[in-house]
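**Q** This is coords.txt (compact mmCIF, C-alpha atoms and all ligand atoms).
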# COMPACT_ATOMS: atom_id res chain seq x y z
CA MET A 20 20.42 -10.10 -4.29
CA SER A 21 17.95 -12.54 -5.77
CA THR A 22 14.71 -12.42 -3.81
CA ARG A 23 13.02 -15.80 -3.59
CA PHE A 24 9.29 -15.58 -3.07
CA SER A 25 7.03 -18.46 -2.17
CA ASP A 26 5.23 -20.50 -4.82
CA ARG A 27 1.97 -19.16 -3.54
CA MET A 28 2.86 -15.62 -4.60
CA ARG A 29 2.85 -16.79 -8.19
CA SER A 30 -0.90 -17.23 -8.04
CA MET A 31 -1.39 -13.82 -6.42
CA LYS A 32 -1.48 -11.07 -9.01
CA PRO A 33 -2.00 -7.37 -8.33
CA SER A 34 -5.41 -6.40 -9.61
CA THR A 35 -5.15 -4.07 -12.60
CA ILE A 36 -8.57 -2.77 -11.66
CA ARG A 37 -7.41 -1.83 -8.18
CA GLU A 38 -4.55 0.11 -9.69
CA MET A 39 -6.90 1.91 -12.03
CA LEU A 40 -9.36 2.56 -9.24
CA LYS A 41 -6.80 4.82 -7.61
CA MET A 42 -7.70 7.30 -10.33
CA THR A 43 -11.28 7.32 -9.10
CA GLU A 44 -10.12 9.20 -6.01
CA ARG A 45 -9.76 12.35 -8.13
CA PRO A 46 -12.24 14.91 -6.77
CA ASP A 47 -13.85 15.44 -10.19
CA VAL A 48 -14.75 11.75 -10.48
CA ILE A 49 -18.17 10.62 -9.26
CA SER A 50 -17.33 7.17 -8.03
CA PHE A 51 -19.69 4.22 -7.95
CA ALA A 52 -16.60 2.03 -7.84
CA GLY A 53 -15.60 1.54 -4.21
CA GLY A 54 -17.44 -0.52 -1.64
CA LEU A 55 -17.42 2.23 0.95
CA PRO A 56 -20.15 2.87 3.49
CA ALA A 57 -21.15 6.55 3.75
CA PRO A 58 -18.75 8.16 6.26
CA GLU A 59 -21.11 11.06 7.03
CA LEU A 60 -23.41 8.49 8.64
CA PHE A 61 -20.81 6.98 10.99
CA PRO A 62 -22.02 7.57 14.57
CA VAL A 63 -18.91 9.57 15.42
CA ASP A 64 -20.35 11.56 18.35
CA ASP A 65 -21.60 8.45 20.11
CA ILE A 66 -18.32 6.65 19.45
CA ARG A 67 -16.45 9.59 20.96
CA VAL A 68 -18.51 9.31 24.15
CA ALA A 69 -18.01 5.53 24.23
CA ALA A 70 -14.24 5.93 23.74
CA GLU A 71 -14.02 8.46 26.57
CA ARG A 72 -15.91 6.14 28.88
CA VAL A 73 -13.56 3.28 28.02
CA LEU A 74 -10.53 5.46 28.70
CA VAL A 75 -11.93 6.55 32.06
CA GLU A 76 -13.21 3.13 33.14
CA ALA A 77 -10.61 0.75 31.75
CA GLY A 78 -7.62 3.12 31.51
CA ALA A 79 -4.38 1.35 30.68
CA GLN A 80 -6.14 -2.00 30.63
CA ALA A 81 -7.79 -0.95 27.36
CA PHE A 82 -4.35 -1.16 25.76
CA GLN A 83 -3.18 -4.44 27.24
CA TYR A 84 -2.91 -7.73 25.34
CA GLY A 85 -6.09 -9.77 25.50
CA VAL A 86 -7.42 -13.23 24.69
CA THR A 87 -7.46 -14.43 21.10
CA GLN A 88 -11.18 -15.21 21.07
CA GLY A 89 -12.06 -11.59 21.84
CA ILE A 90 -13.49 -9.81 24.89
CA ALA A 91 -16.35 -11.68 26.53
CA PRO A 92 -18.81 -8.76 26.91
CA LEU A 93 -18.69 -8.02 23.17
CA ARG A 94 -19.15 -11.71 22.34
CA GLU A 95 -22.15 -11.76 24.69
CA GLN A 96 -23.70 -8.83 22.86
CA ILE A 97 -23.05 -10.51 19.53
CA ALA A 98 -24.77 -13.66 20.79
CA VAL A 99 -27.88 -11.57 21.49
CA GLU A 100 -27.68 -10.08 18.01
CA MET A 101 -27.31 -13.59 16.59
CA ALA A 102 -30.50 -14.68 18.37
CA ASP A 103 -32.21 -11.75 16.70
CA ARG A 104 -31.08 -13.12 13.34
CA GLY A 105 -32.44 -16.56 14.25
CA ILE A 106 -29.06 -18.09 15.12
CA ALA A 107 -28.93 -19.82 18.50
CA CYS A 108 -25.44 -19.56 19.95
CA ASP A 109 -23.70 -18.24 23.02
CA ALA A 110 -20.58 -16.17 23.58
CA ASP A 111 -18.37 -19.29 23.57
CA ASP A 112 -19.40 -20.09 19.99
CA ILE A 113 -18.11 -16.73 18.73
CA LEU A 114 -14.65 -15.62 17.64
CA ILE A 115 -13.94 -11.91 17.15
CA THR A 116 -11.94 -11.38 13.96
CA THR A 117 -10.09 -8.39 12.53
CA GLY A 118 -12.73 -7.75 9.89
CA SER A 119 -14.59 -10.52 8.11
CA GLN A 120 -11.70 -10.34 5.70
CA GLN A 121 -9.60 -12.00 8.39
CA GLY A 122 -12.41 -14.52 8.88
CA LEU A 123 -12.01 -15.48 5.22
CA ASP A 124 -8.25 -15.74 5.58
CA LEU A 125 -8.55 -17.96 8.67
CA VAL A 126 -11.13 -20.17 6.98
CA GLY A 127 -8.72 -20.55 4.05
CA LYS A 128 -5.91 -21.44 6.43
CA ILE A 129 -7.78 -24.13 8.32
CA PHE A 130 -9.45 -25.82 5.34
CA ILE A 131 -7.46 -25.38 2.14
CA ASP A 132 -4.36 -27.30 1.10
CA ALA A 133 -2.72 -26.39 -2.21
CA GLY A 134 -4.85 -27.66 -5.07
CA ASP A 135 -7.99 -28.29 -2.99
CA ALA A 136 -11.27 -27.55 -4.69
CA ILE A 137 -13.78 -25.08 -3.29
CA LEU A 138 -17.17 -23.98 -4.57
CA THR A 139 -18.11 -20.34 -5.03
CA GLU A 140 -20.85 -18.29 -6.55
CA ASN A 141 -19.89 -16.75 -9.85
CA PRO A 142 -19.44 -13.79 -9.73
CA THR A 143 -18.38 -13.47 -6.11
CA TYR A 144 -16.55 -11.16 -3.70
CA LEU A 145 -13.24 -10.25 -5.27
CA ALA A 146 -11.24 -10.21 -2.03
CA ALA A 147 -12.57 -13.66 -1.08
CA ILE A 148 -11.20 -14.99 -4.36
CA GLN A 149 -7.87 -13.34 -3.52
CA SER A 150 -7.93 -14.69 0.00
CA PHE A 151 -8.56 -18.29 -1.05
CA GLN A 152 -6.12 -17.96 -3.95
CA CYS A 153 -3.45 -17.36 -1.33
CA PHE A 154 -3.90 -20.96 -0.23
CA GLN A 155 -3.78 -22.17 -3.85
CA ALA A 156 -7.40 -23.24 -3.93
CA ARG A 157 -8.94 -24.53 -7.13
CA PHE A 158 -12.18 -22.69 -7.78
CA GLN A 159 -15.29 -24.36 -9.07
CA ALA A 160 -17.94 -21.83 -10.02
CA VAL A 161 -21.58 -22.63 -9.33
CA PRO A 162 -24.14 -21.15 -11.71
CA THR A 163 -26.32 -18.41 -10.22
CA ASP A 164 -29.40 -16.56 -11.39
CA ASP A 165 -31.67 -13.86 -10.00
CA GLU A 166 -32.50 -15.98 -6.95
CA GLY A 167 -28.83 -16.55 -6.16
CA ILE A 168 -26.86 -19.75 -6.25
CA ILE A 169 -28.63 -22.75 -7.80
CA PRO A 170 -28.72 -25.49 -5.13
CA GLU A 171 -29.18 -28.35 -7.61
CA ALA A 172 -26.02 -27.26 -9.41
CA VAL A 173 -24.20 -27.45 -6.08
CA GLY A 174 -25.57 -30.98 -5.67
CA GLU A 175 -24.42 -32.09 -9.12
CA LEU A 176 -20.92 -30.77 -8.57
CA ALA A 177 -20.66 -32.18 -5.05
CA ALA A 178 -21.70 -35.60 -6.36
CA GLN A 179 -18.60 -35.64 -8.59
CA THR A 180 -15.88 -33.99 -6.51
CA ARG A 181 -15.05 -33.53 -2.86
CA PHE A 182 -15.04 -29.81 -2.06
CA ARG A 183 -13.50 -28.30 1.05
CA PHE A 184 -16.40 -25.89 1.32
CA LEU A 185 -18.95 -23.75 -0.46
CA TYR A 186 -18.43 -19.99 -0.04
CA VAL A 187 -21.68 -18.07 -0.36
CA ILE A 188 -23.02 -14.55 0.33
CA PRO A 189 -26.77 -15.08 0.69
CA ASN A 190 -27.81 -11.45 1.38
CA PHE A 191 -27.35 -8.58 -1.09
CA GLN A 192 -24.39 -10.30 -2.57
CA ASN A 193 -21.21 -8.49 -3.49
CA PRO A 194 -21.05 -7.76 -6.43
CA THR A 195 -24.60 -8.49 -7.70
CA GLY A 196 -26.85 -7.26 -4.88
CA ARG A 197 -28.87 -10.46 -5.28
CA SER A 198 -30.22 -12.48 -2.39
CA LEU A 199 -30.70 -16.21 -2.11
CA SER A 200 -34.45 -16.94 -2.03
CA LEU A 201 -36.03 -18.60 0.99
CA ALA A 202 -36.89 -21.80 -0.88
CA ARG A 203 -33.33 -22.06 -2.14
CA ARG A 204 -31.91 -21.56 1.35
CA HIS A 205 -33.82 -24.64 2.50
CA ARG A 206 -32.87 -26.65 -0.59
CA LEU A 207 -29.23 -25.65 -0.31
CA MET A 208 -29.13 -26.86 3.30
CA ASP A 209 -30.75 -30.18 2.29
CA ILE A 210 -28.20 -30.65 -0.46
CA ALA A 211 -25.31 -29.69 1.82
CA ARG A 212 -26.50 -32.30 4.32
CA ARG A 213 -26.82 -34.94 1.62
CA HIS A 214 -23.30 -34.31 0.33
CA ASP A 215 -21.73 -33.51 3.70
CA LEU A 216 -20.66 -30.10 2.50
CA THR A 217 -19.27 -27.35 4.74
CA ILE A 218 -20.69 -23.89 4.03
CA ILE A 219 -18.98 -20.56 4.66
CA GLU A 220 -21.82 -18.05 4.94
CA ASP A 221 -20.52 -14.48 4.56
CA ASP A 222 -23.13 -11.98 5.73
CA PRO A 223 -21.82 -8.41 5.94
CA TYR A 224 -24.92 -6.81 4.38
CA GLY A 225 -27.93 -8.69 5.80
CA ARG A 226 -28.97 -5.91 8.20
CA LEU A 227 -28.94 -3.32 5.42
CA ARG A 228 -32.40 -4.24 4.16
CA TYR A 229 -34.50 -1.35 2.84
CA ARG A 230 -37.49 -3.31 1.54
CA GLY A 231 -39.11 -6.66 2.27
CA GLU A 232 -38.61 -9.08 5.15
CA HIS A 233 -35.36 -10.45 6.51
CA LEU A 234 -34.60 -13.96 5.29
CA PRO A 235 -33.22 -16.58 7.68
CA PRO A 236 -29.45 -17.04 7.53
CA LEU A 237 -28.30 -20.50 6.41
CA LYS A 238 -26.75 -20.83 9.86
CA SER A 239 -30.23 -20.60 11.40
CA LEU A 240 -31.28 -23.61 9.28
CA ASP A 241 -28.16 -25.56 10.16
CA THR A 242 -28.96 -28.67 12.17
CA ASP A 243 -25.54 -30.32 12.24
CA GLY A 244 -22.95 -27.55 12.53
CA ARG A 245 -21.89 -27.44 8.89
CA VAL A 246 -22.27 -23.67 8.44
CA ILE A 247 -19.55 -21.24 9.52
CA TYR A 248 -21.19 -17.83 9.75
CA LEU A 249 -19.23 -14.60 9.25
CA SER A 250 -20.52 -11.12 9.92
CA THR A 251 -19.09 -7.71 10.73
CA PHE A 252 -19.62 -4.29 12.26
CA SER A 253 -18.12 -2.70 9.14
CA LYS A 254 -21.47 -1.83 7.58
CA THR A 255 -23.61 -1.43 10.70
CA VAL A 256 -21.20 0.75 12.71
CA ALA A 257 -17.94 1.59 10.87
CA PRO A 258 -15.34 -0.42 8.94
CA GLY A 259 -12.36 1.28 10.59
CA PHE A 260 -12.99 -0.70 13.77
CA ARG A 261 -11.90 -3.77 11.80
CA THR A 262 -14.08 -5.78 14.14
CA ALA A 263 -16.14 -8.70 12.95
CA TRP A 264 -16.98 -12.22 14.09
CA ALA A 265 -17.32 -15.87 13.18
CA VAL A 266 -19.86 -18.33 14.60
CA ALA A 267 -18.95 -21.99 14.37
CA THR A 268 -18.99 -25.27 16.27
CA LYS A 269 -16.35 -25.81 18.92
CA ASP A 270 -14.04 -28.00 16.82
CA VAL A 271 -13.97 -25.43 14.00
CA LEU A 272 -13.71 -22.47 16.38
CA ASP A 273 -10.72 -24.06 18.15
CA LYS A 274 -8.89 -24.32 14.82
CA LEU A 275 -9.83 -20.77 13.84
CA ILE A 276 -8.48 -19.55 17.18
CA ILE A 277 -5.14 -21.32 16.62
CA ALA A 278 -4.93 -19.78 13.15
CA LYS A 279 -5.81 -16.32 14.50
CA GLN A 280 -3.22 -16.58 17.24
CA ALA A 281 -0.59 -17.03 14.56
CA ALA A 282 -2.00 -14.15 12.53
CA ASP A 283 -2.43 -11.33 15.05
CA LEU A 284 -2.83 -12.74 18.61
CA HIS A 285 -6.13 -10.87 18.90
CA THR A 286 -8.19 -8.04 17.45
CA SER A 287 -7.38 -4.60 18.92
CA SER A 288 -8.46 -4.50 22.60
CA PHE A 289 -9.29 -0.81 22.43
CA ASP A 290 -11.51 -1.19 19.35
CA GLN A 291 -13.38 -4.07 20.91
CA LEU A 292 -13.92 -2.19 24.17
CA VAL A 293 -15.13 0.96 22.42
CA LEU A 294 -17.52 -1.02 20.24
CA ASP A 295 -18.80 -2.91 23.27
CA ARG A 296 -19.41 0.34 25.19
CA TYR A 297 -21.00 1.99 22.14
CA LEU A 298 -23.38 -0.95 21.59
CA ARG A 299 -24.39 -0.96 25.28
CA ASP A 300 -24.88 2.78 25.71
CA PHE A 301 -26.39 3.77 22.37
CA ASP A 302 -29.19 2.51 20.17
CA ASN A 303 -27.39 0.96 17.22
CA ARG A 304 -30.65 -0.35 15.77
CA LYS A 305 -31.81 3.20 15.34
CA HIS A 306 -28.49 3.98 13.71
CA VAL A 307 -28.84 1.05 11.29
CA ALA A 308 -32.38 2.22 10.48
CA ARG A 309 -30.96 5.64 9.58
CA VAL A 310 -28.30 4.04 7.38
CA CYS A 311 -30.96 1.91 5.66
CA ALA A 312 -33.14 4.96 5.03
CA ALA A 313 -30.24 6.83 3.43
CA TYR A 314 -29.00 3.89 1.33
CA GLY A 315 -32.55 3.02 0.32
CA GLU A 316 -33.03 6.57 -0.93
CA ARG A 317 -29.73 6.49 -2.83
CA TYR A 318 -30.62 3.14 -4.37
CA GLY A 319 -33.98 4.57 -5.47
CA VAL A 320 -32.30 7.57 -7.09
CA MET A 321 -29.87 5.30 -8.95
CA ALA A 322 -32.59 2.88 -10.05
CA ASP A 323 -34.77 5.74 -11.35
CA ALA A 324 -31.86 7.36 -13.17
CA LEU A 325 -30.89 4.06 -14.79
CA ALA A 326 -34.47 3.35 -15.86
CA ALA A 327 -34.76 6.83 -17.37
CA GLN A 328 -31.40 6.97 -19.12
CA MET A 329 -29.81 3.65 -19.94
CA PRO A 330 -30.04 2.58 -23.58
CA GLU A 331 -31.78 -0.61 -24.60
CA GLY A 332 -29.88 -3.85 -24.13
CA PHE A 333 -28.74 -3.14 -20.57
CA SER A 334 -30.30 -4.76 -17.54
CA TRP A 335 -29.52 -4.46 -13.84
CA THR A 336 -30.41 -6.13 -10.58
CA GLN A 337 -32.94 -4.64 -8.17
CA PRO A 338 -31.56 -5.38 -4.72
CA GLU A 339 -33.70 -4.94 -1.62
CA GLY A 340 -30.70 -3.87 0.45
CA GLY A 341 -26.92 -3.76 0.60
CA MET A 342 -24.67 -1.39 -1.28
CA PHE A 343 -24.40 -2.64 -4.86
CA LEU A 344 -26.26 -3.27 -8.04
CA TRP A 345 -25.01 -5.18 -11.02
CA MET A 346 -25.48 -4.22 -14.62
CA THR A 347 -25.20 -6.44 -17.68
CA GLY A 348 -24.69 -5.00 -21.15
CA PRO A 349 -25.63 -6.53 -24.47
CA GLU A 350 -23.80 -9.61 -25.77
CA GLY A 351 -20.22 -8.71 -26.73
CA PHE A 352 -20.25 -5.41 -24.81
CA ASP A 353 -16.92 -4.76 -23.05
CA THR A 354 -16.88 -2.75 -19.82
CA LEU A 355 -13.08 -2.48 -19.68
CA PRO A 356 -12.67 0.16 -22.41
CA LEU A 357 -15.86 1.75 -21.09
CA PHE A 358 -14.19 2.01 -17.70
CA ARG A 359 -11.19 3.89 -19.12
CA ARG A 360 -13.43 6.34 -20.97
CA ALA A 361 -15.67 6.72 -17.95
CA ILE A 362 -12.75 7.80 -15.76
CA GLU A 363 -11.81 10.44 -18.36
CA HIS A 364 -15.40 11.66 -18.23
CA GLY A 365 -15.55 11.77 -14.43
CA VAL A 366 -17.53 8.67 -13.48
CA ALA A 367 -16.28 5.34 -12.16
CA PHE A 368 -17.55 1.81 -11.64
CA VAL A 369 -15.89 -1.59 -11.35
CA PRO A 370 -15.77 -3.66 -14.54
CA GLY A 371 -17.30 -7.09 -13.91
CA GLY A 372 -14.55 -9.45 -15.08
CA ASP A 373 -12.54 -9.47 -11.85
CA PHE A 374 -15.44 -10.81 -9.84
CA PHE A 375 -15.55 -14.02 -11.82
CA VAL A 376 -13.52 -17.12 -11.34
CA GLY A 377 -12.68 -17.81 -14.93
CA ASP A 378 -12.83 -15.65 -17.99
CA GLU A 379 -16.32 -14.17 -17.94
CA GLY A 380 -18.22 -11.07 -17.09
CA ARG A 381 -16.72 -8.61 -19.53
CA GLN A 382 -20.13 -7.19 -20.34
CA CYS A 383 -20.96 -6.67 -16.65
CA LEU A 384 -20.17 -3.94 -14.16
CA ARG A 385 -20.78 -3.19 -10.49
CA LEU A 386 -22.27 0.06 -9.22
CA ASN A 387 -22.06 1.14 -5.59
CA PHE A 388 -24.79 3.49 -4.41
CA SER A 389 -23.99 3.90 -0.69
CA ASN A 390 -21.22 6.44 -0.95
CA ALA A 391 -22.53 9.15 -3.28
CA GLN A 392 -25.04 11.92 -2.68
CA PRO A 393 -28.32 11.76 -4.64
CA ASP A 394 -27.40 14.69 -6.91
CA ASP A 395 -24.07 13.10 -7.75
CA ILE A 396 -25.82 9.80 -8.42
CA ARG A 397 -28.11 11.50 -10.95
CA ARG A 398 -25.21 13.28 -12.65
CA GLY A 399 -22.99 10.19 -12.58
CA ILE A 400 -25.61 7.93 -14.14
CA GLU A 401 -26.30 10.55 -16.81
CA ARG A 402 -22.61 10.50 -17.74
CA LEU A 403 -22.45 6.72 -17.65
CA ALA A 404 -25.59 6.27 -19.74
CA GLY A 405 -24.23 8.74 -22.30
CA LEU A 406 -20.98 6.79 -22.56
CA CYS A 407 -22.87 3.49 -22.93
CA ARG A 408 -24.93 5.01 -25.75
CA ASP A 409 -21.72 6.23 -27.41
CA SER A 410 -20.13 2.79 -27.06
CA LEU A 411 -23.10 1.22 -28.79
CA GLY A 412 -22.75 3.79 -31.54
CA ASN A 413 -26.13 5.45 -31.09
N1 LIG B 501 -17.25 -10.13 2.66
C1 LIG B 501 -17.86 -9.39 1.74
C2 LIG B 501 -18.84 -10.02 0.83
C3 LIG B 501 -17.58 -8.02 1.65
O1 LIG B 501 -18.19 -7.29 0.70
C4 LIG B 501 -16.64 -7.45 2.55
C5 LIG B 501 -16.26 -5.99 2.54
N2 LIG B 501 -16.58 -5.20 1.58
C6 LIG B 501 -16.04 -8.29 3.49
C7 LIG B 501 -16.37 -9.62 3.53
C8 LIG B 501 -15.00 -7.78 4.45
O2 LIG B 501 -15.54 -6.96 5.41
P1 LIG B 501 -14.74 -6.49 6.70
O3 LIG B 501 -13.37 -7.08 6.64
O4 LIG B 501 -14.73 -5.00 6.65
O5 LIG B 501 -15.51 -7.01 7.85
Do you think you could lay out the structure here as structure tokens?

**A**
Amino acid sequence: MSTRFSDRMRSMKPSTIREMLKMTERPDVISFAGGLPAPELFPVDDIRVAAERVLVEAGAQAFQYGVTQGIAPLREQIAVEMADRGIACDADDILITTGSQQGLDLVGKIFIDAGDAILTENPTYLAAIQSFQCFQARFQAVPTDDEGIIPEAVGELAAQTRFRFLYVIPNFQNPTGRSLSLARRHRLMDIARRHDLTIIEDDPYGRLRYRGEHLPPLKSLDTDGRVIYLSTFSKTVAPGFRTAWAVATKDVLDKLIIAKQAADLHTSSFDQLVLDRYLRDFDNRKHVARVCAAYGERYGVMADALAAQMPEGFSWTQPEGGMFLWMTGPEGFDTLPLFRRAIEHGVAFVPGGDFFVGDEGRQCLRLNFSNAQPDDIRRGIERLAGLCRDSLGN
């Protein structure tokens, strides 16, 4: 039998890195590679109580089909959370999605025709690249620096070409850990208005701030409905719920709902109900504060270990929250062979190249600090620094 796959599958390649990352699951490997929240911090006891209450109160109804937009009580709670982040919306402006990953897929579906151009940070979230690649998007990378995406560069590009949207992660970006500065948030919104640009704001990490003040989401500065805001419970409660949300104007939301209907009818009723009960009956802010304290400590341990041990020529970002930092080696340094040697020596990271649209980033790598204990972080960085020194030949 000759199996005929769609044209789109030609642009979708398995990631060699993902294959190699399977090796990082060996117990002797200290992994800074994944993007996993710390499971020992999941509020399992409270979730158990919430689940029991749902089973008693809703019974069989908890397992019935539901509406595509998501259960109203959860959307109402999200609207309150949105107000807290400076975003004025009500439950009707919210769509529950099966993870923000689905939000990205739905956005791709409703906006991108094959060959359409979109703007992204460079580097950016690997699975967003994959998601938009599925719709055969053409990627245009926007230059970024320590303050995030450069708004004027967006303006220059948007003056030349019509882009379907700009995809941006303003808080503790994956993979760099960088945040878009306040001044740039305002300038980016001005430029988007001037060039009539739609913005997809992906904000899974914003609440994981360990230092400094929260910055306003782009959506809170949006005066004409051009920002589609995505966020998730994956990092503030637990990713296994696969429950997240999108905030958008009615015309966009209606299209997202049609696309979601075709994808999965709705996000799991039971998961939504348990999350709703959990958020009502327990203090999730306190939980997030605990998560921030733990991640902040782990970040500090990693930052200190890097400062003490990394050889000259390497630099790294100093995020104020989130789960990642980003390291850049000297010109010509290649993190791919380093990765292979690192696995042999029991430490893992993600080489930087895959996060770029285009052929860059070989001298970069991403380190996750949320899912390793402080002692392992110290030992892992010691191993990594030793290997970097060896690679430089000193
Ligand atoms: N966007 C970014 C930037 C992410 O890092 C992630 C997950 N790591 C997601 C979206 C997807 O999150 P989820 O589907 O778990 O909500």

**Q** Taking (-12.4, 7.9, -13.6) in the coordinates of the supplied file, I want to know which residues reach to within 9 Å of it, counting all atoms listed in the file; could you give the answer as JSON, numbers by chain?

**A** {"A": [39, 40, 41, 42, 43, 44, 45, 47, 48, 49, 50, 358, 359, 360, 361, 362, 363, 364, 365, 366, 367, 368]}

**Q** Could you list, as JSON, numbers by chain, all residues that come within 7 Å of ligand LIG 501 (chain B)? Count all atoms listed in the file.

**A** {"A": [54, 117, 118, 119, 120, 121, 144, 147, 188, 192, 193, 221, 222, 223, 250, 251, 252, 253, 258, 261, 262, 263]}

**Q** For each of A:Ala98, A:Val86, A:Met321, A:Val161, take the minimum atom-to-atom distance to Pro393 (chain A), counting only C-alpha atoms, then give the residue where this is smallest.

**A** A:Met321

**Q** For a cutoff of 9 Å around the file-coordinate point (-27.0, 1.2, -22.9), which residues qualify once you count all atoms listed in the file? I'd like the result as number ranges by chain.

**A** A: 328-334, 348-349, 403-411

**Q** Name the closest residue to Gly372 (chain A) among the candidates A:Leu355, A:Ala146, A:Leu386, A:Cys153; distances are taken between atoms, counting all atoms listed in the file.

**A** A:Leu355

**Q** May I ask which of the residues A:Leu199, A:Ile137, A:Val307, A:Met208 is the closest one to Tyr186 (chain A), counting only C-alpha atoms?

**A**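 Smallest distance to Tyr186 (chain A) is found for A:Ile137.
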
**Q** Measure the distance from CA of Lys128 (chain A) to CA of Met342 (chain A) in Å and round it to one decimal.

**A** 28.5 Å

**Q** For Glu379 (chain A), which residue among A:Trp335, A:Phe352, A:Phe260, A:Phe184 is the nearest when counting only C-alpha atoms?

**A** A:Phe352

**Q** Tell me which protein, DNA and RNA residues are within 10 Å of region 295-300 of chain A, counting all atoms listed in the file, leaving out same-chain ones fewer than 2 positions away, and put them as a PyMOL selection string.

**A** chain A and resi 62+65-73+90-97+256+289-293+302-304

**Q** Which one of A:Ala282, A:His205, A:Asp103, A:Gly225 sits closest to Lys254 (chain A) if you count only C-alpha atoms?

**A**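 Of the candidates, the smallest distance to Lys254 (chain A) is held by A:Gly225.
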
**Q** Write out as JSON an axis-aligned box for region 299-305 of chain A: all of its atoms listed in the file, 8 Å added on each side, centre and edge lengths in Å with one decimal.

**A**
{"center_x": -28.1, "center_y": 1.4, "center_z": 20.5, "size_x": 23.4, "size_y": 20.7, "size_z": 26.4}

**Q** Distance CA of Glu38 (chain A)-CA of Leu325 (chain A), one decimal place?

**A**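 Here the two named atoms are 27.1 Å from each other.
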
**Q** So that I can see what lies close to Pro170 (chain A), please list as a list in words the residues with an atom at most 10 Å from it, counting only C-alpha atoms and leaving out residues fewer than 4 positions away in the same chain.

**A**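 Once the nearby chain positions are removed, what remains is Val161, Pro162, Thr163, Gly174, Glu175, Leu199, Ala202, Arg203, Arg204, His205, Arg206, Leu207, Met208, Asp209, Ile210 and Ala211 of chain A.
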
**Q** Filtering to C-alpha atoms, could you give me those residues as an mmCIF file, keeping the file's coordinate frame?

**A**
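Full text of again-v4.cif as output:
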data_model
loop_
_atom_site.group_PDB
_atom_site.id
_atom_site.type_symbol
_atom_site.label_atom_id
_atom_site.label_comp_id
_atom_site.auth_asym_id
_atom_site.auth_seq_id
_atom_site.Cartn_x
_atom_site.Cartn_y
_atom_site.Cartn_z
ATOM 1 C CA VAL A 161 -21.580 -22.630 -9.330
ATOM 2 C CA PRO A 162 -24.140 -21.150 -11.710
ATOM 3 C CA THR A 163 -26.320 -18.410 -10.220
ATOM 4 C CA GLY A 174 -25.570 -30.980 -5.670
ATOM 5 C CA GLU A 175 -24.420 -32.090 -9.120
ATOM 6 C CA LEU A 199 -30.700 -16.210 -2.110
ATOM 7 C CA ALA A 202 -36.890 -21.800 -0.880
ATOM 8 C CA ARG A 203 -33.330 -22.060 -2.140
ATOM 9 C CA ARG A 204 -31.910 -21.560 1.350
ATOM 10 C CA HIS A 205 -33.820 -24.640 2.500
ATOM 11 C CA ARG A 206 -32.870 -26.650 -0.590
ATOM 12 C CA LEU A 207 -29.230 -25.650 -0.310
ATOM 13 C CA MET A 208 -29.130 -26.860 3.300
ATOM 14 C CA ASP A 209 -30.750 -30.180 2.290
ATOM 15 C CA ILE A 210 -28.200 -30.650 -0.460
ATOM 16 C CA ALA A 211 -25.310 -29.690 1.820
#

**Q** Please measure the separation of CA of Asp373 (chain A) and CA of Glu316 (chain A), giving the value in Å to one decimal.

**A**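 CA of Glu316 (chain A) lies at a distance of 28.2 Å from CA of Asp373 (chain A).
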
**Q** Give me, as a list of chain:residue names, all polymer residues having an atom no more than 8 Å from Asp165 (chain A), counting all atoms listed in the file and skipping those fewer than 6 positions away in the same chain.

**A** A:Arg197, A:Ser198, A:Thr336

**Q** My list of candidates is A:Leu384, A:Ala278, A:Ile115, A:Cys108. Which is closest to Gln88 (chain A) when distances are computed with only C-alpha atoms?

**A**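 Nearest to Gln88 (chain A): A:Ile115.
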